>>> print(open('target_32.cif').read())   # mmCIF, C-alpha atoms
data_input
#
loop_
_atom_site.label_atom_id
_atom_site.label_comp_id
_atom_site.auth_asym_id
_atom_site.auth_seq_id
_atom_site.Cartn_x
_atom_site.Cartn_y
_atom_site.Cartn_z
CA MET A 921 62.20 128.84 101.98
CA SER A 922 61.09 128.76 105.60
CA ARG A 923 63.72 129.21 108.29
CA THR A 924 61.35 128.49 111.19
CA VAL A 925 61.95 124.73 111.28
CA PRO A 926 63.09 123.65 114.78
CA ILE A 927 66.76 122.73 115.17
CA PRO A 928 66.89 118.95 115.63
CA GLN A 929 68.28 117.78 118.96
CA GLY A 930 70.35 114.92 117.70
CA LEU A 931 70.08 112.98 114.48
CA PRO A 932 66.53 111.83 113.59
CA MET A 933 66.84 108.09 112.97
CA GLU A 934 63.40 106.53 113.55
CA ARG A 935 62.07 104.94 110.35
CA ASP A 936 58.53 106.14 111.03
CA ALA A 937 57.50 106.55 107.38
CA GLY A 938 57.98 102.88 106.40
CA PRO A 939 60.83 100.40 105.99
CA PHE A 940 62.16 102.03 102.79
CA ASP A 941 61.70 105.74 103.52
CA PRO A 942 63.69 108.40 105.39
CA PRO A 943 62.50 109.45 108.85
CA ARG A 944 59.71 112.00 108.49
CA GLN A 945 61.66 114.61 110.45
CA ILE A 946 64.57 114.30 107.98
CA THR A 947 62.17 114.83 105.06
CA ARG A 948 60.62 117.90 106.73
CA LEU A 949 64.07 119.34 107.38
CA ARG A 950 65.09 118.87 103.74
CA GLU A 951 61.95 120.65 102.56
CA ALA A 952 62.40 123.58 104.95
CA ARG A 953 66.16 123.94 105.30
CA PRO A 954 68.39 121.53 103.30
CA VAL A 955 71.45 122.72 105.24
CA SER A 956 70.21 122.82 108.81
CA PRO A 957 71.86 123.43 112.19
CA MET A 958 71.82 120.35 114.42
CA ALA A 959 72.42 120.25 118.15
CA PHE A 960 74.48 117.33 119.44
CA PRO A 961 73.68 116.09 122.94
CA ASP A 962 77.13 117.17 124.18
CA GLY A 963 76.23 120.80 123.41
CA HIS A 964 78.15 121.11 120.14
CA GLU A 965 76.10 122.63 117.32
CA GLY A 966 76.91 121.12 113.96
CA TRP A 967 75.02 120.77 110.70
CA LEU A 968 72.75 118.26 108.96
CA VAL A 969 72.79 118.33 105.14
CA THR A 970 69.84 116.70 103.37
CA GLY A 971 69.36 118.49 100.04
CA TYR A 972 70.72 116.84 96.88
CA ASP A 973 72.62 119.84 95.52
CA ALA A 974 74.17 120.67 98.89
CA VAL A 975 75.19 117.05 99.55
CA ARG A 976 76.76 116.71 96.10
CA GLN A 977 78.66 119.97 96.55
CA LEU A 978 79.80 119.02 100.05
CA VAL A 979 81.17 115.56 99.27
CA ALA A 980 83.10 116.95 96.29
CA ASP A 981 84.71 119.68 98.41
CA THR A 982 87.86 118.43 100.14
CA ARG A 983 87.72 121.35 102.57
CA PHE A 984 85.14 119.16 104.27
CA SER A 985 87.56 116.65 105.78
CA SER A 986 86.96 112.93 106.22
CA ARG A 987 89.57 112.66 108.96
CA GLN A 988 88.55 111.66 112.46
CA ASP A 989 91.41 113.39 114.24
CA ILE A 990 90.34 116.98 113.61
CA GLY A 991 87.41 119.25 114.45
CA VAL A 992 84.95 119.09 117.30
CA LEU A 993 84.66 115.34 117.65
CA HIS A 994 82.48 114.78 120.71
CA VAL A 995 79.92 113.04 118.51
CA PRO A 996 77.56 110.49 120.13
CA TYR A 997 76.98 108.73 116.80
CA GLU A 998 79.20 106.70 114.60
CA ILE A 999 80.71 107.00 111.18
CA PRO A 1000 79.33 103.93 109.38
CA GLY A 1001 81.66 101.07 110.15
CA MET A 1002 83.94 103.09 112.41
CA PRO A 1003 84.42 103.08 116.19
CA VAL A 1004 82.36 105.48 118.30
CA ILE A 1005 84.11 108.83 118.36
CA THR A 1006 84.29 110.41 121.80
CA GLU A 1007 87.55 112.31 121.44
CA PRO A 1008 90.11 113.11 118.75
CA SER A 1009 91.86 109.91 117.75
CA PRO A 1010 94.84 109.13 115.52
CA GLN A 1011 94.21 108.01 111.96
CA VAL A 1012 94.01 104.27 111.37
CA PRO A 1013 96.76 103.22 108.91
CA GLY A 1014 95.38 102.12 105.55
CA LEU A 1015 91.81 103.21 106.24
CA PHE A 1016 91.74 105.66 103.37
CA ILE A 1017 87.99 106.31 103.62
CA ALA A 1018 88.87 108.37 106.72
CA MET A 1019 91.75 110.25 105.07
CA ASP A 1020 92.15 113.37 102.95
CA PRO A 1021 94.49 113.97 100.01
CA PRO A 1022 97.41 113.44 99.68
CA ASP A 1023 97.32 110.42 102.07
CA HIS A 1024 94.01 109.26 100.62
CA THR A 1025 95.30 109.72 97.07
CA ARG A 1026 98.44 107.65 97.67
CA LEU A 1027 96.53 104.62 98.98
CA ARG A 1028 93.53 104.77 96.67
CA ARG A 1029 95.79 105.00 93.62
CA LYS A 1030 97.23 101.60 94.47
CA LEU A 1031 93.79 100.02 94.13
CA ILE A 1032 92.35 101.75 91.08
CA GLY A 1033 93.78 99.19 88.65
CA ALA A 1034 92.09 96.30 90.44
CA PHE A 1035 88.62 97.87 90.13
CA THR A 1036 88.57 99.36 86.64
CA VAL A 1037 85.44 99.00 84.50
CA LYS A 1038 87.41 96.79 82.10
CA ARG A 1039 88.63 94.51 84.89
CA MET A 1040 85.13 94.21 86.33
CA LYS A 1041 83.66 93.40 82.91
CA GLN A 1042 86.19 90.57 82.60
CA LEU A 1043 84.88 89.18 85.90
CA GLU A 1044 81.18 89.51 85.04
CA GLU A 1045 80.64 85.98 83.71
CA HIS A 1046 82.38 84.52 86.75
CA ILE A 1047 80.25 86.61 89.11
CA ILE A 1048 77.11 85.46 87.28
CA ASP A 1049 78.30 81.87 87.72
CA ILE A 1050 78.83 82.41 91.47
CA SER A 1051 75.31 83.86 91.76
CA GLU A 1052 73.74 81.01 89.78
CA ARG A 1053 75.52 78.36 91.86
CA GLN A 1054 74.25 79.96 95.05
CA LEU A 1055 70.73 79.96 93.60
CA ASP A 1056 71.21 76.26 92.82
CA GLU A 1057 71.97 75.73 96.52
CA MET A 1058 68.90 77.72 97.55
CA ALA A 1059 66.67 75.83 95.11
CA ARG A 1060 67.59 72.54 96.80
CA LEU A 1061 66.18 73.75 100.11
CA THR A 1062 62.61 73.34 101.25
CA PRO A 1063 60.99 76.75 101.66
CA PRO A 1064 60.61 78.93 103.60
CA VAL A 1065 64.24 80.00 103.68
CA ASP A 1066 66.07 83.11 104.85
CA LEU A 1067 67.18 84.94 101.70
CA VAL A 1068 69.91 86.78 103.63
CA LYS A 1069 71.56 83.59 104.83
CA GLU A 1070 71.07 81.55 101.66
CA PHE A 1071 71.70 84.12 98.95
CA ALA A 1072 72.17 87.84 99.70
CA LEU A 1073 75.13 87.40 102.05
CA PRO A 1074 76.94 84.47 100.39
CA VAL A 1075 77.16 85.95 96.88
CA PRO A 1076 79.13 89.15 97.66
CA SER A 1077 81.10 87.30 100.35
CA LEU A 1078 82.21 84.66 97.84
CA VAL A 1079 83.13 87.33 95.29
CA ILE A 1080 85.11 89.60 97.62
CA CYS A 1081 86.89 86.67 99.29
CA GLU A 1082 88.02 85.41 95.90
CA LEU A 1083 89.15 88.84 94.71
CA LEU A 1084 91.03 89.68 97.89
CA GLY A 1085 92.43 86.22 98.52
CA VAL A 1086 90.58 85.70 101.81
CA PRO A 1087 89.80 82.01 102.44
CA TYR A 1088 86.00 81.63 102.17
CA GLN A 1089 86.06 78.92 104.84
CA ASP A 1090 86.91 81.72 107.30
CA ARG A 1091 83.69 83.56 106.45
CA GLU A 1092 81.77 82.66 109.61
CA ASP A 1093 84.32 84.39 111.83
CA PHE A 1094 84.68 87.52 109.72
CA GLN A 1095 80.93 87.78 109.04
CA VAL A 1096 80.14 87.48 112.76
CA ASN A 1097 82.77 90.05 113.71
CA SER A 1098 81.71 92.36 110.86
CA ALA A 1099 78.12 92.22 112.08
CA LYS A 1100 79.18 92.91 115.68
CA PHE A 1101 81.30 95.83 114.52
CA MET A 1102 78.39 97.41 112.61
CA VAL A 1103 76.01 97.55 115.60
CA LYS A 1104 75.21 101.16 116.51
CA ASP A 1105 74.44 101.14 120.19
CA GLN A 1106 76.83 98.89 122.06
CA PRO A 1107 79.65 99.34 124.56
CA LEU A 1108 82.83 100.56 122.92
CA ASP A 1109 84.82 97.63 124.30
CA GLU A 1110 82.52 95.16 122.50
CA LYS A 1111 82.84 97.02 119.21
CA MET A 1112 86.60 97.24 119.56
CA ALA A 1113 86.81 93.54 120.44
CA ALA A 1114 85.15 92.73 117.10
CA TYR A 1115 87.43 95.22 115.34
CA GLY A 1116 90.47 93.70 117.04
CA ALA A 1117 89.48 90.17 116.03
CA LEU A 1118 89.05 91.25 112.40
CA THR A 1119 92.29 93.18 112.19
CA THR A 1120 94.30 90.48 113.97
CA TYR A 1121 93.03 87.93 111.44
CA LEU A 1122 93.74 90.23 108.50
CA ALA A 1123 97.21 91.21 109.76
CA GLU A 1124 98.16 87.53 109.84
CA LEU A 1125 96.70 87.07 106.36
CA VAL A 1126 98.55 89.98 104.74
CA THR A 1127 101.79 89.00 106.51
CA SER A 1128 101.52 85.52 104.99
CA LYS A 1129 100.83 87.06 101.57
CA ARG A 1130 103.89 89.27 101.83
CA ALA A 1131 105.95 86.13 102.50
CA ALA A 1132 104.27 84.06 99.77
CA PRO A 1133 102.05 86.17 97.48
CA GLY A 1134 99.38 84.59 95.30
CA GLU A 1135 97.15 85.84 92.49
CA ASP A 1136 94.78 88.18 94.31
CA ILE A 1137 94.41 91.85 95.24
CA LEU A 1138 95.92 91.59 98.73
CA SER A 1139 98.92 89.73 97.32
CA ASP A 1140 99.42 92.43 94.69
CA LEU A 1141 99.39 95.04 97.44
CA ALA A 1142 101.66 92.96 99.68
CA ARG A 1143 104.30 92.96 96.94
CA GLN A 1144 104.59 96.74 97.31
CA ASP A 1145 107.31 97.45 99.86
CA ASP A 1146 106.17 101.03 100.51
CA LEU A 1147 103.01 99.71 102.19
CA THR A 1148 103.42 98.70 105.82
CA ILE A 1149 101.70 95.66 107.33
CA GLU A 1150 99.51 98.10 109.31
CA GLU A 1151 98.47 99.85 106.09
CA LEU A 1152 97.83 96.54 104.34
CA THR A 1153 95.67 95.46 107.29
CA GLY A 1154 93.64 98.68 107.19
CA ILE A 1155 93.08 98.39 103.43
CA ALA A 1156 92.08 94.73 103.77
CA PHE A 1157 89.66 95.59 106.58
CA LEU A 1158 87.99 98.33 104.54
CA LEU A 1159 87.72 96.26 101.34
CA LEU A 1160 86.42 93.15 103.09
CA LEU A 1161 83.85 95.03 105.15
CA ALA A 1162 82.62 97.26 102.33
CA GLY A 1163 82.86 94.45 99.79
CA HIS A 1164 80.24 92.23 101.39
CA GLU A 1165 78.17 94.33 103.83
CA THR A 1166 76.76 96.91 101.42
CA THR A 1167 75.95 94.61 98.48
CA ALA A 1168 74.50 91.92 100.76
CA ASN A 1169 72.10 94.44 102.26
CA MET A 1170 71.18 95.87 98.86
CA LEU A 1171 70.34 92.39 97.54
CA ALA A 1172 68.18 91.58 100.57
CA LEU A 1173 66.48 94.96 101.05
CA GLY A 1174 66.12 95.34 97.28
CA THR A 1175 64.30 92.01 97.08
CA PHE A 1176 62.07 93.08 99.98
CA ALA A 1177 61.26 96.34 98.17
CA LEU A 1178 60.44 94.52 94.92
CA LEU A 1179 58.23 92.03 96.74
CA GLU A 1180 56.35 95.02 98.19
CA HIS A 1181 56.06 96.50 94.68
CA PRO A 1182 54.85 93.47 92.69
CA GLU A 1183 54.10 95.52 89.57
CA GLN A 1184 57.77 96.63 89.50
CA MET A 1185 58.91 93.05 90.00
CA ALA A 1186 56.68 91.93 87.13
CA GLU A 1187 58.16 94.65 84.90
CA LEU A 1188 61.68 93.36 85.58
CA ARG A 1189 60.71 89.74 84.93
CA ALA A 1190 59.13 90.69 81.63
CA ASN A 1191 61.90 93.12 80.64
CA PRO A 1192 65.27 92.04 82.06
CA GLU A 1193 66.92 94.70 79.90
CA LEU A 1194 65.65 97.17 82.53
CA LEU A 1195 67.94 95.66 85.17
CA ALA A 1196 70.79 98.14 84.81
CA ASP A 1197 68.45 101.09 85.37
CA ALA A 1198 66.60 99.17 88.08
CA VAL A 1199 69.81 98.67 90.05
CA GLU A 1200 70.49 102.43 89.97
CA GLU A 1201 66.91 103.09 91.03
CA LEU A 1202 67.09 100.62 93.91
CA MET A 1203 70.37 102.20 95.02
CA ARG A 1204 68.70 105.62 94.97
CA TYR A 1205 65.48 104.48 96.60
CA LEU A 1206 67.09 102.48 99.43
CA SER A 1207 70.49 104.14 100.06
CA VAL A 1208 71.56 101.50 102.60
CA ALA A 1209 74.74 103.40 103.53
CA ASP A 1210 72.99 106.60 104.53
CA ILE A 1211 74.78 108.68 107.17
CA PHE A 1212 78.31 110.05 106.73
CA TYR A 1213 80.33 112.68 108.55
CA ARG A 1214 82.60 115.49 107.42
CA TYR A 1215 84.49 118.21 109.31
CA ALA A 1216 84.87 121.78 108.06
CA THR A 1217 88.54 122.80 107.91
CA GLU A 1218 87.61 126.46 107.33
CA ASP A 1219 84.50 128.62 107.12
CA ILE A 1220 82.60 127.34 104.06
CA GLU A 1221 79.46 128.62 102.32
CA LEU A 1222 76.98 125.82 101.58
CA GLY A 1223 73.35 126.12 100.54
CA GLY A 1224 73.10 129.71 101.70
CA GLU A 1225 74.57 128.91 105.13
CA THR A 1226 78.02 129.44 106.59
CA ILE A 1227 79.51 126.25 108.00
CA GLY A 1228 81.98 127.37 110.64
CA LYS A 1229 85.52 126.02 110.81
CA GLY A 1230 85.68 122.91 113.01
CA SER A 1231 81.97 122.11 112.64
CA THR A 1232 80.80 118.52 112.42
CA VAL A 1233 78.62 118.03 109.34
CA VAL A 1234 76.24 115.07 109.08
CA VAL A 1235 75.28 114.03 105.55
CA SER A 1236 72.16 112.01 104.69
CA LEU A 1237 72.52 110.33 101.30
CA LEU A 1238 69.02 108.83 101.59
CA ALA A 1239 67.47 112.28 102.04
CA ALA A 1240 69.49 113.63 99.11
CA ASN A 1241 68.47 110.71 96.90
CA ARG A 1242 64.82 111.42 97.73
CA ASP A 1243 65.03 115.15 97.00
CA PRO A 1244 62.14 116.23 94.72
CA GLN A 1245 64.33 119.08 93.45
CA ARG A 1246 66.46 116.40 91.74
CA PHE A 1247 64.15 113.40 91.14
CA ASP A 1248 60.49 113.49 90.11
CA ASN A 1249 58.18 111.61 92.51
CA PRO A 1250 61.25 110.58 94.53
CA ASP A 1251 59.36 108.46 97.05
CA THR A 1252 58.10 106.20 94.27
CA LEU A 1253 60.11 103.15 93.23
CA ASP A 1254 60.19 103.19 89.43
CA VAL A 1255 62.40 100.68 87.60
CA HIS A 1256 61.87 102.69 84.39
CA ARG A 1257 63.54 105.72 85.97
CA THR A 1258 67.00 106.71 84.81
CA ALA A 1259 68.43 107.51 88.24
CA ARG A 1260 71.73 108.85 86.94
CA GLY A 1261 73.41 111.01 89.52
CA GLN A 1262 72.10 109.06 92.50
CA LEU A 1263 74.56 109.50 95.35
CA SER A 1264 74.60 106.09 97.01
CA PHE A 1265 78.13 105.45 95.75
CA GLY A 1266 79.18 108.91 96.91
CA HIS A 1267 80.74 111.61 94.78
CA GLY A 1268 84.14 113.23 94.51
CA VAL A 1269 87.43 111.74 95.70
CA HIS A 1270 85.71 109.26 98.03
CA GLN A 1271 83.31 107.86 95.43
CA CYS A 1272 83.03 104.11 95.99
CA LEU A 1273 86.00 102.27 94.51
CA GLY A 1274 84.01 99.05 94.07
CA GLN A 1275 80.88 100.53 92.52
CA GLN A 1276 81.19 98.63 89.22
CA LEU A 1277 81.68 95.37 91.11
CA ALA A 1278 78.59 96.09 93.20
CA ARG A 1279 76.52 96.86 90.10
CA ILE A 1280 77.53 93.59 88.45
CA GLU A 1281 76.74 91.60 91.61
CA MET A 1282 73.32 93.22 91.92
CA ARG A 1283 72.44 92.76 88.25
CA ALA A 1284 73.48 89.11 88.40
CA GLY A 1285 71.72 88.53 91.72
CA PHE A 1286 68.39 90.16 90.89
CA ASP A 1287 68.32 88.69 87.37
CA GLY A 1288 68.89 85.13 88.60
CA LEU A 1289 66.52 85.41 91.55
CA LEU A 1290 63.62 86.83 89.54
CA ARG A 1291 64.13 84.47 86.61
CA ARG A 1292 64.45 81.27 88.60
CA PHE A 1293 61.90 81.97 91.35
CA PRO A 1294 58.85 83.38 89.52
CA THR A 1295 56.54 82.75 92.49
CA LEU A 1296 58.85 84.20 95.15
CA LYS A 1297 56.99 85.86 98.01
CA LEU A 1298 57.44 86.80 101.65
CA ALA A 1299 56.93 83.96 104.09
CA THR A 1300 56.16 86.30 106.99
CA PRO A 1301 53.93 89.37 107.46
CA VAL A 1302 55.61 92.59 106.31
CA GLY A 1303 55.53 94.02 109.83
CA GLU A 1304 57.53 91.06 111.16
CA VAL A 1305 60.53 91.52 108.84
CA LYS A 1306 63.49 92.35 111.11
CA LEU A 1307 64.92 95.66 109.92
CA ARG A 1308 68.54 96.65 110.54
CA THR A 1309 67.65 99.89 112.31
CA ASP A 1310 70.28 98.94 114.89
CA MET A 1311 73.10 98.76 112.34
CA ASN A 1312 75.27 101.29 110.52
CA ILE A 1313 74.40 99.74 107.16
CA TYR A 1314 70.63 99.49 106.73
CA GLY A 1315 68.81 96.42 105.43
CA VAL A 1316 67.10 93.39 106.93
CA HIS A 1317 68.51 90.92 109.42
CA GLU A 1318 66.45 88.13 107.87
CA LEU A 1319 64.09 87.89 104.90
CA PRO A 1320 61.98 84.73 105.08
CA VAL A 1321 60.78 83.86 101.57
CA THR A 1322 58.91 80.99 99.97
CA TRP A 1323 57.86 79.83 96.51
CA THR A 1324 55.52 77.31 94.99
CA GLU A 1325 57.36 76.46 91.80
CA MET A 1326 60.68 76.98 90.04
CA ALA A 1327 61.23 78.22 86.50
CA ARG A 1328 61.89 75.45 84.06
#
>>> encode(input="target_32.cif", output="structure tokens")
Amino acid sequence: MSRTVPIPQGLPMERDAGPFDPPRQITRLREARPVSPMAFPDGHEGWLVTGYDAVRQLVADTRFSSRQDIGVLHVPYEIPGMPVITEPSPQVPGLFIAMDPPDHTRLRRKLIGAFTVKRMKQLEEHIIDISERQLDEMARLTPPVDLVKEFALPVPSLVICELLGVPYQDREDFQVNSAKFMVKDQPLDEKMAAYGALTTYLAELVTSKRAAPGEDILSDLARQDDLTIEELTGIAFLLLLAGHETTANMLALGTFALLEHPEQMAELRANPELLADAVEELMRYLSVADIFYRYATEDIELGGETIGKGSTVVVSLLAANRDPQRFDNPDTLDVHRTARGQLSFGHGVHQCLGQQLARIEMRAGFDGLLRRFPTLKLATPVGEVKLRTDMNIYGVHELPVTWTEMAR
């Protein structure tokens, strides 16, 4: 393995290989040095991890901390969905994605029962019904329409609002503030204003549920006296944001990818039994939540390198999911592939709590869309699709689509 690859000055982010592929510099780094030094603009030298085996080992190793209040934290980038880090900051109550055991364990344990495979299977028919009703709404419109606005965003928003007990009529405010919060390059005061608006709304909501609980996840949590209002607010923020942002972008970007691979789309229409594997493959191929951060709490050996205590470690799930050492022809979308082991839901103690819910939403969404809109196609040139390169969760801002006939 060559060790002559230049140390990247900052995180390579430009999608110069196409709308679905990692930046070319990331791919070259993975091929040459899967665990590579990376120079941050503030002078701190950290690490960029791009190889599948190294990423899987790292995210399963709790010596690599998820906390924001330790390590060398003068990082000019952002943890997806988190405020810009410019100095060590206290932990946000309830935000267990940025915690380590035992704090992480205590909070996550309270949610496991709500997201079990059995519980999600019980909800599957209802989720399919929500998806079909949204497709009914879309079918009444005169094309072209924006698939993000009319389908990809409403479906997971409806589902997560219902599960959490968030009034869906409040969606415009929380969707706008969620979108503002996810922008990469913006003044910190603007990001924190969006964060403040979201958390103020959610604090009022969980306070009302503590006073008069209903039949929903936030009410179940509010009944537990050992959770503070601040912790309930942090949990609600994380579940609401993650529960609609990631799946919405997978539905939209996944549809874009299938439209650009018509032979794969035809395979799914002809063989809907492939959908479960296709969802895993689309998760692997697109990896919309790509960049994550960890902090070494001691000197740790990884991929033949020594990660020094206090180092900031940047993880690229997209690069790992495209590693030819793990997946054959990884840059090819193949709905026949069994992409078991893809890392888009993470691995280890922080593996996505809502992964079964997301899988059901995607299976229902892609199945209904492909079945009911057999002539679906882009209504704009490929080069004019607005990509979310400015956001912490990748996808498309809009996906104009059209069709000439509906399935009978």
>>> closest_residue(input="target_32.cif", among="A:Gln1276, A:Ser1264, A:Thr1324, A:Thr1252", to="Gln1184 (chain A)", atoms="only C-alpha atoms")
A:Thr1252
>>> resolve_selection(input="target_32.cif", expression="the PyMOL selection byres ((chain A and resi 1205-1209) around 8)", output="MDAnalysis selection string")
chainID A and resid 940:941 1000 1166 1169:1170 1173:1174 1201:1204 1210:1211 1237:1238 1241:1242 1250:1253 1264 1312:1315
>>> residues_around(input="target_32.cif", residues="region 1226-1230 of chain A", least_positions_apart="5", cutoff="10 Å", atoms="all atoms listed in the file", output="list of chain:residue names")
A:Val955, A:Ser956, A:Pro957, A:Gly966, A:Trp967, A:Arg983, A:Phe984, A:Ser985, A:Ile990, A:Gly991, A:Val992, A:Leu993, A:Arg1214, A:Tyr1215, A:Ala1216, A:Thr1217, A:Glu1218, A:Asp1219, A:Ile1220, A:Glu1221
>>> atom_distance(input="target_32.cif", atom1="CA of Asp1140 (chain A)", atom2="CA of Tyr1121 (chain A)")
18.5 Å
>>> residues_around(input="target_32.cif", residues="Leu1158 (chain A)", least_positions_apart="6", cutoff="9 Å", atoms="only C-alpha atoms", output="PyMOL selection string")
chain A and resi 1001+1014-1017
>>> closest_residue(input="target_32.cif", among="A:Gly1154, A:Pro1021, A:Gly1224, A:Gly1266", to="Phe1212 (chain A)", atoms="only C-alpha atoms")
A:Gly1266
>>> atom_distance(input="target_32.cif", atom1="CA of Pro928 (chain A)", atom2="CA of Gln1245 (chain A)")
22.3 Å
>>> atom_distance(input="target_32.cif", atom1="CA of Leu1319 (chain A)", atom2="CA of Pro943 (chain A)")
22.0 Å
>>> build_atoms(input="target_32.cif", residues="region 1277-1284 of chain A", atoms="all heavy atoms", output="PDB file, keeping the file's coordinate frame")
ATOM      1  N   LEU A1277      81.831  96.728  90.586  1.00  0.00           N
ATOM      2  CA  LEU A1277      81.680  95.370  91.110  1.00  0.00           C
ATOM      3  C   LEU A1277      80.311  95.203  91.743  1.00  0.00           C
ATOM      4  O   LEU A1277      79.616  94.203  91.492  1.00  0.00           O
ATOM      5  CB  LEU A1277      82.781  95.096  92.140  1.00  0.00           C
ATOM      6  CG  LEU A1277      82.696  93.767  92.889  1.00  0.00           C
ATOM      7  CD1 LEU A1277      82.843  92.591  91.933  1.00  0.00           C
ATOM      8  CD2 LEU A1277      83.766  93.703  93.983  1.00  0.00           C
ATOM      9  N   ALA A1278      79.893  96.168  92.543  1.00  0.00           N
ATOM     10  CA  ALA A1278      78.590  96.090  93.200  1.00  0.00           C
ATOM     11  C   ALA A1278      77.454  96.053  92.182  1.00  0.00           C
ATOM     12  O   ALA A1278      76.487  95.290  92.326  1.00  0.00           O
ATOM     13  CB  ALA A1278      78.409  97.281  94.151  1.00  0.00           C
ATOM     14  N   ARG A1279      77.564  96.853  91.145  1.00  0.00           N
ATOM     15  CA  ARG A1279      76.520  96.860  90.100  1.00  0.00           C
ATOM     16  C   ARG A1279      76.404  95.500  89.427  1.00  0.00           C
ATOM     17  O   ARG A1279      75.294  95.001  89.194  1.00  0.00           O
ATOM     18  CB  ARG A1279      76.832  97.942  89.068  1.00  0.00           C
ATOM     19  CG  ARG A1279      76.584  99.363  89.532  1.00  0.00           C
ATOM     20  CD  ARG A1279      76.832 100.358  88.397  1.00  0.00           C
ATOM     21  NE  ARG A1279      76.387 101.692  88.763  1.00  0.00           N
ATOM     22  CZ  ARG A1279      77.213 102.694  89.095  1.00  0.00           C
ATOM     23  NH1 ARG A1279      78.529 102.492  89.102  1.00  0.00           N
ATOM     24  NH2 ARG A1279      76.719 103.877  89.411  1.00  0.00           N
ATOM     25  N   ILE A1280      77.552  94.906  89.110  1.00  0.00           N
ATOM     26  CA  ILE A1280      77.530  93.590  88.450  1.00  0.00           C
ATOM     27  C   ILE A1280      76.919  92.545  89.374  1.00  0.00           C
ATOM     28  O   ILE A1280      76.095  91.721  88.944  1.00  0.00           O
ATOM     29  CB  ILE A1280      78.957  93.187  88.021  1.00  0.00           C
ATOM     30  CG1 ILE A1280      79.435  94.084  86.871  1.00  0.00           C
ATOM     31  CG2 ILE A1280      79.001  91.721  87.593  1.00  0.00           C
ATOM     32  CD1 ILE A1280      80.913  93.950  86.564  1.00  0.00           C
ATOM     33  N   GLU A1281      77.291  92.563  90.654  1.00  0.00           N
ATOM     34  CA  GLU A1281      76.740  91.600  91.610  1.00  0.00           C
ATOM     35  C   GLU A1281      75.233  91.759  91.739  1.00  0.00           C
ATOM     36  O   GLU A1281      74.494  90.769  91.794  1.00  0.00           O
ATOM     37  CB  GLU A1281      77.401  91.801  92.974  1.00  0.00           C
ATOM     38  CG  GLU A1281      78.855  91.352  93.018  1.00  0.00           C
ATOM     39  CD  GLU A1281      79.529  91.704  94.323  1.00  0.00           C
ATOM     40  OE1 GLU A1281      79.155  92.722  94.957  1.00  0.00           O
ATOM     41  OE2 GLU A1281      80.443  90.977  94.727  1.00  0.00           O
ATOM     42  N   MET A1282      74.761  93.001  91.778  1.00  0.00           N
ATOM     43  CA  MET A1282      73.320  93.220  91.920  1.00  0.00           C
ATOM     44  C   MET A1282      72.563  92.833  90.653  1.00  0.00           C
ATOM     45  O   MET A1282      71.500  92.215  90.732  1.00  0.00           O
ATOM     46  CB  MET A1282      73.047  94.681  92.299  1.00  0.00           C
ATOM     47  CG  MET A1282      73.331  94.965  93.762  1.00  0.00           C
ATOM     48  SD  MET A1282      72.851  96.632  94.254  1.00  0.00           S
ATOM     49  CE  MET A1282      74.290  97.553  93.723  1.00  0.00           C
ATOM     50  N   ARG A1283      73.106  93.171  89.498  1.00  0.00           N
ATOM     51  CA  ARG A1283      72.440  92.760  88.250  1.00  0.00           C
ATOM     52  C   ARG A1283      72.358  91.246  88.164  1.00  0.00           C
ATOM     53  O   ARG A1283      71.307  90.683  87.834  1.00  0.00           O
ATOM     54  CB  ARG A1283      73.175  93.326  87.033  1.00  0.00           C
ATOM     55  CG  ARG A1283      73.017  94.805  86.812  1.00  0.00           C
ATOM     56  CD  ARG A1283      73.367  95.205  85.386  1.00  0.00           C
ATOM     57  NE  ARG A1283      74.717  94.867  85.006  1.00  0.00           N
ATOM     58  CZ  ARG A1283      75.768  95.682  85.113  1.00  0.00           C
ATOM     59  NH1 ARG A1283      75.611  96.889  85.612  1.00  0.00           N
ATOM     60  NH2 ARG A1283      76.968  95.295  84.716  1.00  0.00           N
ATOM     61  N   ALA A1284      73.462  90.576  88.459  1.00  0.00           N
ATOM     62  CA  ALA A1284      73.480  89.110  88.400  1.00  0.00           C
ATOM     63  C   ALA A1284      72.523  88.522  89.432  1.00  0.00           C
ATOM     64  O   ALA A1284      71.785  87.569  89.140  1.00  0.00           O
ATOM     65  CB  ALA A1284      74.899  88.608  88.650  1.00  0.00           C
TER      66      ALA A1284
END
